[in-house]
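Shown below: target35.txt, with compact mmCIF, C-alpha atoms.
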# COMPACT_ATOMS: atom_id res chain seq x y z
CA MET A 1415 86.49 115.46 88.37
CA ARG A 1416 88.42 115.81 85.14
CA HIS A 1417 91.61 117.86 85.02
CA ARG A 1418 90.76 121.23 83.50
CA ILE A 1419 93.14 122.47 80.81
CA ILE A 1420 92.53 125.93 79.35
CA VAL A 1421 94.37 127.12 76.26
CA LEU A 1422 94.31 130.89 75.78
CA GLY A 1423 94.53 131.85 72.13
CA ALA A 1424 94.05 129.80 68.97
CA GLY A 1425 96.88 131.09 66.83
CA TYR A 1426 99.75 129.06 65.43
CA ALA A 1427 100.81 127.87 68.89
CA GLY A 1428 97.47 127.57 70.70
CA ALA A 1429 95.41 125.80 68.04
CA SER A 1430 98.00 123.11 67.35
CA ALA A 1431 98.71 122.67 71.07
CA ALA A 1432 95.06 122.01 71.83
CA GLY A 1433 94.88 119.39 69.09
CA TYR A 1434 98.02 117.68 70.34
CA LEU A 1435 96.77 117.54 73.92
CA ALA A 1436 93.41 116.16 72.80
CA ARG A 1437 95.21 113.41 70.92
CA ARG A 1438 97.61 112.44 73.69
CA LEU A 1439 95.45 112.68 76.85
CA HIS A 1440 92.48 110.46 77.67
CA PRO A 1441 89.15 112.32 77.42
CA ASP A 1442 87.89 110.67 80.61
CA ASP A 1443 90.68 112.42 82.50
CA VAL A 1444 90.92 115.89 80.97
CA GLU A 1445 88.65 118.69 79.82
CA ILE A 1446 90.31 120.93 77.21
CA THR A 1447 88.88 124.40 76.57
CA VAL A 1448 90.24 126.85 74.00
CA VAL A 1449 89.42 130.52 74.50
CA ASN A 1450 89.74 132.76 71.45
CA ALA A 1451 88.28 136.14 70.56
CA GLU A 1452 87.61 135.30 66.90
CA PRO A 1453 85.71 132.36 65.42
CA ASP A 1454 88.43 131.76 62.81
CA PHE A 1455 92.05 130.74 62.82
CA VAL A 1456 93.90 133.82 61.59
CA GLU A 1457 96.83 133.33 59.23
CA ARG A 1458 98.93 136.06 60.74
CA MET A 1459 101.78 135.45 58.30
CA ARG A 1460 99.43 136.48 55.50
CA LEU A 1461 97.91 139.58 57.09
CA HIS A 1462 100.10 141.91 55.03
CA GLN A 1463 98.55 140.27 51.97
CA LEU A 1464 95.05 140.77 53.38
CA ALA A 1465 95.83 144.45 54.00
CA ALA A 1466 97.04 144.84 50.41
CA GLY A 1467 93.81 143.45 48.98
CA ALA A 1468 94.17 139.65 48.85
CA ASP A 1469 91.09 137.56 49.66
CA LEU A 1470 92.15 134.95 52.18
CA ARG A 1471 90.21 131.81 52.88
CA ARG A 1472 88.60 131.70 56.31
CA HIS A 1473 89.22 128.73 58.62
CA GLY A 1474 86.55 128.25 61.27
CA LEU A 1475 87.80 127.01 64.62
CA ALA A 1476 84.59 125.10 65.30
CA GLU A 1477 85.17 123.07 62.15
CA MET A 1478 88.88 122.62 62.96
CA PHE A 1479 88.13 121.21 66.41
CA ALA A 1480 85.13 119.11 65.37
CA GLY A 1481 85.45 115.55 66.65
CA THR A 1482 88.41 116.29 68.93
CA GLY A 1483 86.46 116.83 72.15
CA ILE A 1484 87.94 120.31 72.48
CA ARG A 1485 85.56 122.95 73.82
CA LEU A 1486 85.71 126.29 72.03
CA ARG A 1487 84.83 129.43 73.97
CA LEU A 1488 84.58 132.56 71.80
CA ALA A 1489 85.41 135.42 74.14
CA HIS A 1490 88.00 138.04 74.94
CA VAL A 1491 90.44 137.23 77.73
CA THR A 1492 90.39 140.21 80.08
CA ALA A 1493 92.27 138.87 83.10
CA VAL A 1494 94.22 135.97 84.52
CA ASP A 1495 94.44 135.37 88.27
CA ALA A 1496 97.43 133.10 88.64
CA GLU A 1497 97.05 132.78 92.41
CA HIS A 1498 93.46 131.57 92.25
CA ARG A 1499 93.83 129.79 88.88
CA THR A 1500 91.05 131.61 87.10
CA VAL A 1501 90.62 133.32 83.75
CA THR A 1502 88.12 136.14 83.24
CA VAL A 1503 86.51 136.35 79.79
CA THR A 1504 83.92 138.59 78.20
CA ASP A 1505 81.62 138.03 75.25
CA GLY A 1506 78.33 139.40 73.95
CA GLU A 1507 76.49 137.90 76.90
CA GLY A 1508 78.67 139.35 79.64
CA THR A 1509 81.58 138.33 81.85
CA ASP A 1510 82.47 134.87 83.05
CA ARG A 1511 85.22 133.37 85.19
CA LEU A 1512 86.75 130.06 84.17
CA GLU A 1513 88.71 127.85 86.58
CA TYR A 1514 91.70 125.84 85.44
CA ASP A 1515 94.11 123.26 86.78
CA THR A 1516 96.59 123.72 83.94
CA LEU A 1517 96.83 126.84 81.78
CA LEU A 1518 98.56 127.17 78.42
CA TYR A 1519 99.03 130.87 77.75
CA SER A 1520 99.38 131.55 74.01
CA LEU A 1521 97.69 134.90 73.41
CA GLY A 1522 100.43 135.99 71.04
CA SER A 1523 101.47 139.59 70.50
CA THR A 1524 100.37 142.88 69.02
CA ALA A 1525 102.13 145.89 67.53
CA ALA A 1526 104.56 147.59 69.93
CA ASP A 1527 104.28 151.39 69.88
CA HIS A 1528 107.48 151.83 71.95
CA GLY A 1529 105.85 154.83 73.59
CA VAL A 1530 105.94 156.88 70.39
CA PRO A 1531 103.22 159.56 70.48
CA GLY A 1532 100.46 159.27 67.90
CA VAL A 1533 100.91 155.60 67.02
CA ASP A 1534 97.67 154.45 68.64
CA GLU A 1535 95.70 157.40 67.31
CA HIS A 1536 96.97 157.69 63.76
CA ALA A 1537 98.98 154.65 62.62
CA PHE A 1538 97.85 151.39 61.03
CA HIS A 1539 99.35 147.95 61.59
CA VAL A 1540 98.97 144.33 60.43
CA ALA A 1541 99.31 142.46 63.74
CA GLY A 1542 95.65 141.37 63.71
CA ARG A 1543 92.92 140.63 61.21
CA SER A 1544 90.73 143.61 62.07
CA ALA A 1545 93.77 145.91 61.94
CA ALA A 1546 94.76 144.57 58.51
CA LEU A 1547 91.24 145.12 57.20
CA ARG A 1548 91.28 148.66 58.58
CA LEU A 1549 94.46 149.35 56.62
CA ARG A 1550 92.93 147.76 53.54
CA ARG A 1551 89.99 150.16 53.68
CA ARG A 1552 92.39 153.07 54.04
CA LEU A 1553 94.37 151.99 50.97
CA ASP A 1554 91.11 151.76 49.03
CA ASP A 1555 90.38 155.38 49.96
CA LEU A 1556 93.78 156.82 49.05
CA GLY A 1557 93.30 156.77 45.31
CA VAL A 1558 95.86 157.58 42.62
CA ASN A 1559 99.00 159.36 43.86
CA GLY A 1560 98.29 158.47 47.49
CA THR A 1561 101.26 157.89 49.77
CA VAL A 1562 102.09 155.18 52.31
CA LEU A 1563 104.87 155.26 54.91
CA VAL A 1564 105.91 151.96 56.49
CA VAL A 1565 107.85 152.39 59.74
CA GLY A 1566 110.22 149.58 60.65
CA GLY A 1567 112.97 147.47 59.14
CA ASN A 1568 112.01 143.95 60.25
CA LEU A 1569 110.41 141.14 58.28
CA THR A 1570 106.87 142.47 58.73
CA ALA A 1571 107.88 145.93 57.54
CA ILE A 1572 109.66 144.56 54.47
CA GLU A 1573 106.81 142.23 53.52
CA THR A 1574 104.16 144.90 54.06
CA ALA A 1575 105.99 147.55 52.04
CA THR A 1576 106.66 145.25 49.07
CA GLU A 1577 103.15 143.74 49.10
CA ILE A 1578 101.50 147.17 49.06
CA ALA A 1579 103.87 148.45 46.37
CA GLU A 1580 103.16 145.44 44.15
CA SER A 1581 99.40 145.44 44.69
CA TRP A 1582 99.00 149.24 44.52
CA PRO A 1583 101.52 150.49 41.91
CA GLU A 1584 99.71 153.83 41.74
CA LEU A 1585 100.64 154.58 45.36
CA GLY A 1586 103.91 156.07 46.50
CA VAL A 1587 105.42 153.77 49.12
CA ALA A 1588 108.27 154.69 51.46
CA LEU A 1589 109.94 152.89 54.35
CA ALA A 1590 111.70 154.47 57.32
CA THR A 1591 113.93 152.35 59.53
CA SER A 1592 116.17 153.28 62.44
CA GLY A 1593 118.91 150.99 61.15
CA GLU A 1594 120.14 149.64 57.85
CA LEU A 1595 117.50 147.95 55.72
CA GLY A 1596 118.22 144.23 55.71
CA GLY A 1597 121.51 144.81 57.48
CA TRP A 1598 121.29 141.42 59.16
CA LEU A 1599 121.10 139.57 55.83
CA GLY A 1600 124.01 138.01 53.99
CA ARG A 1601 125.63 140.15 51.31
CA LYS A 1602 123.94 138.43 48.38
CA ALA A 1603 120.52 138.42 50.03
CA ARG A 1604 120.73 142.11 50.95
CA ARG A 1605 121.63 143.04 47.37
CA HIS A 1606 118.57 141.13 46.22
CA LEU A 1607 116.41 142.92 48.78
CA LEU A 1608 117.59 146.37 47.70
CA ARG A 1609 117.04 145.52 44.04
CA ALA A 1610 113.47 144.47 44.85
CA PHE A 1611 112.84 147.79 46.61
CA ASP A 1612 114.25 149.62 43.59
CA ARG A 1613 112.05 147.59 41.25
CA PHE A 1614 108.94 148.47 43.25
CA GLY A 1615 109.97 152.10 43.50
CA ILE A 1616 109.95 152.05 47.31
CA GLU A 1617 111.78 155.02 48.80
CA VAL A 1618 114.04 153.94 51.66
CA HIS A 1619 115.06 156.16 54.58
CA GLU A 1620 117.71 154.37 56.65
CA HIS A 1621 118.97 155.48 60.07
CA THR A 1622 115.72 157.39 60.52
CA THR A 1623 114.00 157.14 63.89
CA ILE A 1624 110.37 158.21 63.93
CA GLU A 1625 109.57 160.15 67.09
CA ARG A 1626 105.96 161.14 66.40
CA VAL A 1627 103.07 160.00 64.17
CA THR A 1628 100.50 162.52 63.04
CA ALA A 1629 97.24 162.46 61.11
CA THR A 1630 99.17 163.38 57.96
CA GLY A 1631 102.34 161.35 58.34
CA ALA A 1632 105.26 161.17 60.75
CA VAL A 1633 108.09 163.25 62.15
CA ALA A 1634 111.61 161.88 62.61
CA GLU A 1635 114.31 162.86 65.07
CA GLY A 1636 115.80 166.12 63.90
CA GLY A 1637 112.46 167.41 62.67
CA THR A 1638 112.29 165.77 59.23
CA SER A 1639 108.63 165.36 58.26
CA PHE A 1640 107.18 162.60 56.10
CA PHE A 1641 103.78 163.16 54.53
CA ALA A 1642 101.67 160.02 54.20
CA GLY A 1643 98.04 159.26 53.64
CA ALA A 1644 98.60 156.08 55.65
CA THR A 1645 101.38 155.41 58.16
CA VAL A 1646 101.87 151.70 58.80
CA TRP A 1647 103.58 150.91 62.11
CA ALA A 1648 105.67 147.75 61.78
CA ALA A 1649 108.41 148.48 64.32
CA GLY A 1650 108.19 145.31 66.36
CA PHE A 1651 105.78 143.45 68.62
CA ALA A 1652 104.89 143.26 72.30
CA ALA A 1653 103.00 140.62 74.24
CA HIS A 1654 99.55 141.36 75.59
CA PRO A 1655 99.60 142.78 79.15
CA VAL A 1656 97.27 140.13 80.62
CA ALA A 1657 100.09 137.92 81.93
CA ALA A 1658 101.83 140.71 83.80
CA ALA A 1659 98.58 142.00 85.28
CA GLY A 1660 97.74 138.46 86.44
CA GLY A 1661 100.81 138.17 88.65
CA LEU A 1662 102.93 136.03 86.32
CA ALA A 1663 106.64 136.76 85.98
CA VAL A 1664 107.26 138.57 82.68
CA GLU A 1665 110.00 140.40 80.82
CA ASP A 1666 109.79 144.11 80.00
CA ASP A 1667 108.03 143.34 76.70
CA GLY A 1668 105.30 141.40 78.52
CA ARG A 1669 106.45 137.93 77.54
CA MET A 1670 106.14 135.28 80.25
CA ILE A 1671 109.44 134.09 81.67
CA VAL A 1672 109.57 130.31 81.33
CA ASP A 1673 112.01 127.50 82.05
CA ARG A 1674 113.33 125.05 79.44
CA MET A 1675 110.04 123.12 79.60
CA MET A 1676 107.95 126.29 78.94
CA ARG A 1677 106.64 126.41 82.50
CA SER A 1678 106.20 129.80 84.14
CA VAL A 1679 109.04 130.39 86.58
CA SER A 1680 106.59 131.92 89.05
CA HIS A 1681 103.58 129.60 88.58
CA PRO A 1682 104.59 126.16 87.22
CA GLU A 1683 101.00 125.09 86.51
CA VAL A 1684 101.01 127.78 83.80
CA TYR A 1685 102.81 127.14 80.52
CA ALA A 1686 103.46 129.52 77.64
CA ALA A 1687 104.02 129.07 73.91
CA GLY A 1688 104.44 131.27 70.87
CA ASP A 1689 104.98 135.02 71.07
CA SER A 1690 103.78 134.98 74.70
CA ALA A 1691 106.83 133.01 75.88
CA HIS A 1692 110.23 134.46 76.72
CA ALA A 1693 112.09 131.26 75.93
CA ILE A 1694 115.86 130.91 75.76
CA GLY A 1695 117.08 129.09 72.66
CA GLU A 1696 119.94 126.66 72.29
CA ASN A 1697 122.28 129.59 71.54
CA GLY A 1698 121.54 131.24 74.87
CA GLN A 1699 119.49 134.03 73.29
CA PRO A 1700 115.72 134.60 73.55
CA LEU A 1701 113.80 133.08 70.68
CA PRO A 1702 112.36 135.79 68.43
CA MET A 1703 108.62 136.26 68.06
CA SER A 1704 107.92 134.18 64.95
CA CYS A 1705 105.86 131.32 63.59
CA ALA A 1706 108.92 129.08 63.74
CA SER A 1707 109.39 129.83 67.44
CA ALA A 1708 105.69 129.17 67.99
CA GLY A 1709 106.17 125.67 66.62
CA PHE A 1710 109.16 124.79 68.80
CA THR A 1711 107.73 126.29 71.99
CA ARG A 1712 104.37 124.61 71.37
CA MET A 1713 106.05 121.22 71.02
CA GLN A 1714 107.97 121.71 74.25
CA ALA A 1715 105.00 123.06 76.22
CA THR A 1716 102.66 120.25 75.20
CA ALA A 1717 105.33 117.60 75.86
CA ALA A 1718 105.77 119.06 79.33
CA ILE A 1719 102.03 119.16 80.03
CA VAL A 1720 101.56 115.55 78.94
CA GLY A 1721 104.59 114.42 80.92
CA ASP A 1722 103.64 116.34 84.05
CA LEU A 1723 100.08 114.98 84.04
CA THR A 1724 100.90 111.37 83.18
CA GLY A 1725 104.23 110.89 84.94
CA ARG A 1726 105.98 110.17 81.64
CA THR A 1727 109.45 111.47 80.87
CA VAL A 1728 109.30 114.93 79.34
CA SER A 1729 111.15 115.00 76.04
CA ARG A 1730 113.21 118.01 75.03
CA SER A 1731 112.17 119.70 71.79
CA PRO A 1732 114.77 121.74 69.90
CA LEU A 1733 114.68 125.45 70.61
CA ALA A 1734 116.41 126.92 67.59
CA TYR A 1735 115.98 129.66 65.04
CA LEU A 1736 117.03 128.42 61.62
CA GLY A 1737 116.51 131.37 59.31
CA ASN A 1738 114.36 134.10 57.80
CA CYS A 1739 111.85 133.48 55.03
CA ILE A 1740 110.79 136.81 53.54
CA SER A 1741 108.22 137.39 50.82
CA LEU A 1742 108.82 140.31 48.45
CA GLY A 1743 105.41 140.48 46.84
CA GLN A 1744 103.80 137.39 45.38
CA LYS A 1745 106.59 136.18 43.07
CA ASP A 1746 109.81 137.08 44.83
CA GLY A 1747 111.40 136.26 48.14
CA ILE A 1748 114.46 135.52 50.26
CA LEU A 1749 115.27 132.46 52.35
CA GLN A 1750 118.21 133.42 54.56
CA MET A 1751 119.65 130.68 56.74
CA VAL A 1752 121.44 131.53 59.99
CA ASP A 1753 124.05 129.79 62.10
CA GLY A 1754 123.82 128.70 65.73
CA ASP A 1755 124.41 132.25 66.90
CA ALA A 1756 121.61 133.58 64.65
CA ARG A 1757 124.10 135.20 62.27
CA SER A 1758 123.28 135.05 58.58
CA LYS A 1759 125.15 132.49 56.52
CA SER A 1760 126.54 133.34 53.10
CA TRP A 1761 124.08 130.95 51.44
CA SER A 1762 120.53 132.06 50.64
CA LEU A 1763 117.70 131.11 48.31
CA LEU A 1764 116.44 134.05 46.24
CA GLY A 1765 113.68 135.00 43.81
CA ARG A 1766 110.85 132.71 42.70
CA PRO A 1767 112.25 129.57 44.38
CA ALA A 1768 112.20 131.39 47.72
CA ALA A 1769 108.68 132.66 47.05
CA ARG A 1770 107.53 129.11 46.25
CA PHE A 1771 109.15 127.83 49.44
CA LYS A 1772 107.40 130.53 51.49
CA ALA A 1773 104.08 129.63 49.86
CA PHE A 1774 104.70 125.96 50.68
CA VAL A 1775 105.36 126.84 54.33
CA LEU A 1776 102.20 128.94 54.54
CA ASN A 1777 100.01 126.32 52.87
CA SER A 1778 101.45 123.47 54.95
CA THR A 1779 100.96 125.42 58.15
CA VAL A 1780 97.31 126.18 57.49
CA TRP A 1781 96.69 122.56 56.46
CA ASN A 1782 98.13 121.44 59.79
CA MET A 1783 95.93 123.95 61.60
CA ASN A 1784 92.87 122.51 59.86
CA HIS A 1785 93.88 118.98 60.88
CA PRO A 1786 95.01 119.51 64.49
CA THR A 1787 95.23 115.82 65.42
CA TYR A 1788 96.38 114.37 62.08
CA GLY A 1789 99.37 112.07 62.24
CA LEU A 1790 99.66 112.07 66.02
CA PRO A 1791 99.74 108.84 68.05
CA THR A 1792 96.29 107.44 68.70
CA ARG A 1793 97.21 106.25 72.18
CA LYS A 1794 95.67 108.49 74.84
CA HIS A 1795 97.62 108.49 78.08
CA ARG A 1796 95.85 108.42 81.43
CA VAL A 1797 96.39 111.22 83.89
CA THR A 1798 98.11 110.05 87.07
CA THR A 1799 99.49 112.98 89.02
CA VAL A 1800 101.14 116.31 88.54
CA SER A 1801 104.89 115.84 88.94
CA ASP A 1802 107.01 117.77 91.39
CA ARG A 1803 108.44 120.43 89.07
CA SER A 1804 110.97 121.49 91.69
CA SER A 1805 112.79 118.17 91.25
CA GLU A 1806 112.62 117.90 87.47
CA THR A 1807 115.14 115.44 86.12
CA VAL A 1808 115.23 116.40 82.44
CA GLY A 1809 116.93 119.75 83.01
CA THR A 1810 115.94 123.38 82.76

Take the structure in the file and write it out as structure tokens.
Amino acid sequence: MRHRIIVLGAGYAGASAAGYLARRLHPDDVEITVVNAEPDFVERMRLHQLAAGADLRRHGLAEMFAGTGIRLRLAHVTAVDAEHRTVTVTDGEGTDRLEYDTLLYSLGSTAADHGVPGVDEHAFHVAGRSAALRLRRRLDDLGVNGTVLVVGGNLTAIETATEIAESWPELGVALATSGELGGWLGRKARRHLLRAFDRFGIEVHEHTTIERVTATGAVAEGGTSFFAGATVWAAGFAAHPVAAAGGLAVEDDGRMIVDRMMRSVSHPEVYAAGDSAHAIGENGQPLPMSCASAGFTRMQATAAIVGDLTGRTVSRSPLAYLGNCISLGQKDGILQMVDGDARSKSWSLLGRPAARFKAFVLNSTVWNMNHPTYGLPTRKHRVTTVSDRSSETVGT
């Protein structure tokens, strides 16, 4: 019987991981199944553009995985039973239970409401394709002189606010953040950011904590009210609750606690990658939820899976966060590099060159997603045994 590998989620981490495993493991020995709710690979880094009206190319997963031997199961993951090694999925035909020997958990994240009343009922977000399209329809309905309030001060909030302001100049756009807008950036980069907000006419409310979202806007601590035809919640992300409900060890935000090799600390036959993994970087701090982190954790998780199944030495992939690449509309941007402690360096790339670099990253990433086994070694290793993780020699 072939070793059953199930990959949950086909985002930046899951899709590339499945392709890598298919390339490195012999098909006579393993059966690789990818479970994903949507038939397409979703470019999450472009969802703020989709919400603002851009027409993004669709990338079908069936076409991406054609010829790789990977099985694609289009279904929603509703439960994981880590003790019995099963995954429960639902689709249009009903509910099914899939058994696995090795599980790669890469379901990603969604918008975190932080317990703020009214977010689920009244706010919009861009953490998923359907959510971005819902916001897009709302922007279409606002008309001239409509108002948009973006809540948050992170990269997603900045990109969403500037994209909407550029694409919908007739709308009044405001941003409310509990801290200082771009306060983590270097001095030169922050000046550039504030100039961009001024150019777009985005009203900024710093040190403003939203405590309630309503059908007509939001209310901040102290009672200040903000009227908005659309309130966009971009105040951070949280992992899906499936891992915690399945008995896996997780952090408070739902991310799976993993060792240096991306193995679950409670169930070592389960690995995590991307936003689902609470991985500690080289600087001793948790890696942030980001596409860059998805790449590094995917490389480590797949190296560990291949090594554990074939008896080969597990290589250590770098676990670092190198910088922030922020788009400010279509023709402007910021590339802010950080040091080993994730503090912004004085150097940054600004304006059109940064926008071109961001576009290059986005285009290269989606090309890699569409060619999941391109450039990988053609040698397929045979499965021997699952190594004793308790006596790992490469370090944790």

Residue with smallest distance to Gly1481 of chain A - pool A:Arg1543, A:Ser1520, A:Gly1433, A:Asp1505, counting only C-alpha atoms: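 When distances to Gly1481 of chain A are compared using only C-alpha atoms, the smallest one comes from A:Gly1433.
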
I'd like a table as a tab-separated table: residues in segment 1463-1542 of chain A with an atom no more than 9 Å from segment 1574-1597 of chain A, each row giving the shortest atom pair and its distance in Å to one decimal, all atoms listed in the file counted, sorted by chain and rising residue number.
residue	atom	partner	partner_atom	distance
A:Gln1463	CA	A:Glu1577	CA	6.4
A:Ala1465	CA	A:Ile1578	CA	8.0
A:Ala1466	CA	A:Ile1578	CA	5.2
A:Gly1467	CA	A:Ser1581	CA	7.3
A:Ala1468	CA	A:Ser1581	CA	8.8
A:Val1540	CA	A:Thr1574	CA	8.2

Best match for closeness to His1528 of chain A among A:Leu1486, A:Ile1419, A:Ala1649, A:Ala1687, counting all atoms listed in the file: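 That would be A:Ala1649, the residue with the smallest distance to His1528 of chain A.
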
Selection: 9 Å around His1498 of chain A, only C-alpha atoms, excl. self and same-chain fewer than 3 positions, as a PyMOL selection string: chain A and resi 1494-1495+1513

Find the residues of segment 1574-1662 of chain A that sit at most 12 Å from segment 1420-1431 of chain A; for each, write down the nearest two atoms and how far apart they are in Å, to one decimal. Count all atoms listed in the file. Sort by chain, then by number going up, and give it as CSV.
residue,atom,partner,partner_atom,distance
A:His1654,CA,A:Gly1423,CA,11.3
A:Val1656,CA,A:Leu1422,CA,10.8
A:Ala1657,CA,A:Leu1422,CA,11.0

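Among the candidate residues A:Asn1777, A:Thr1628, A:Ser1729, A:Thr1645, the one lying nearest to Ala1571 of chain A is A:Thr1645, with distances computed using all atoms listed in the file.
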
Minimum-distance residue to Leu1764 of chain A, chosen among A:Asn1559, A:Ala1610, A:Ser1707, A:Met1670 (using all atoms listed in the file): A:Ala1610

Atomic separation - atom CA of Gly1709 of chain A relative to atom CA of Arg1770 of chain A, Å: 20.7 Å

Residue nearest Arg1669 of chain A among A:Ala1653, A:Leu1470, A:Leu1701, A:Leu1512 (counting all atoms listed in the file):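 Among A:Ala1653, A:Leu1470, A:Leu1701, A:Leu1512, it is A:Ala1653 that comes nearest to Arg1669 of chain A.
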
Pick from A:Leu1599, A:Arg1499, A:Pro1702, A:Asn1784 nearest to Ala1480 of chain A, counting all atoms listed in the file: A:Asn1784
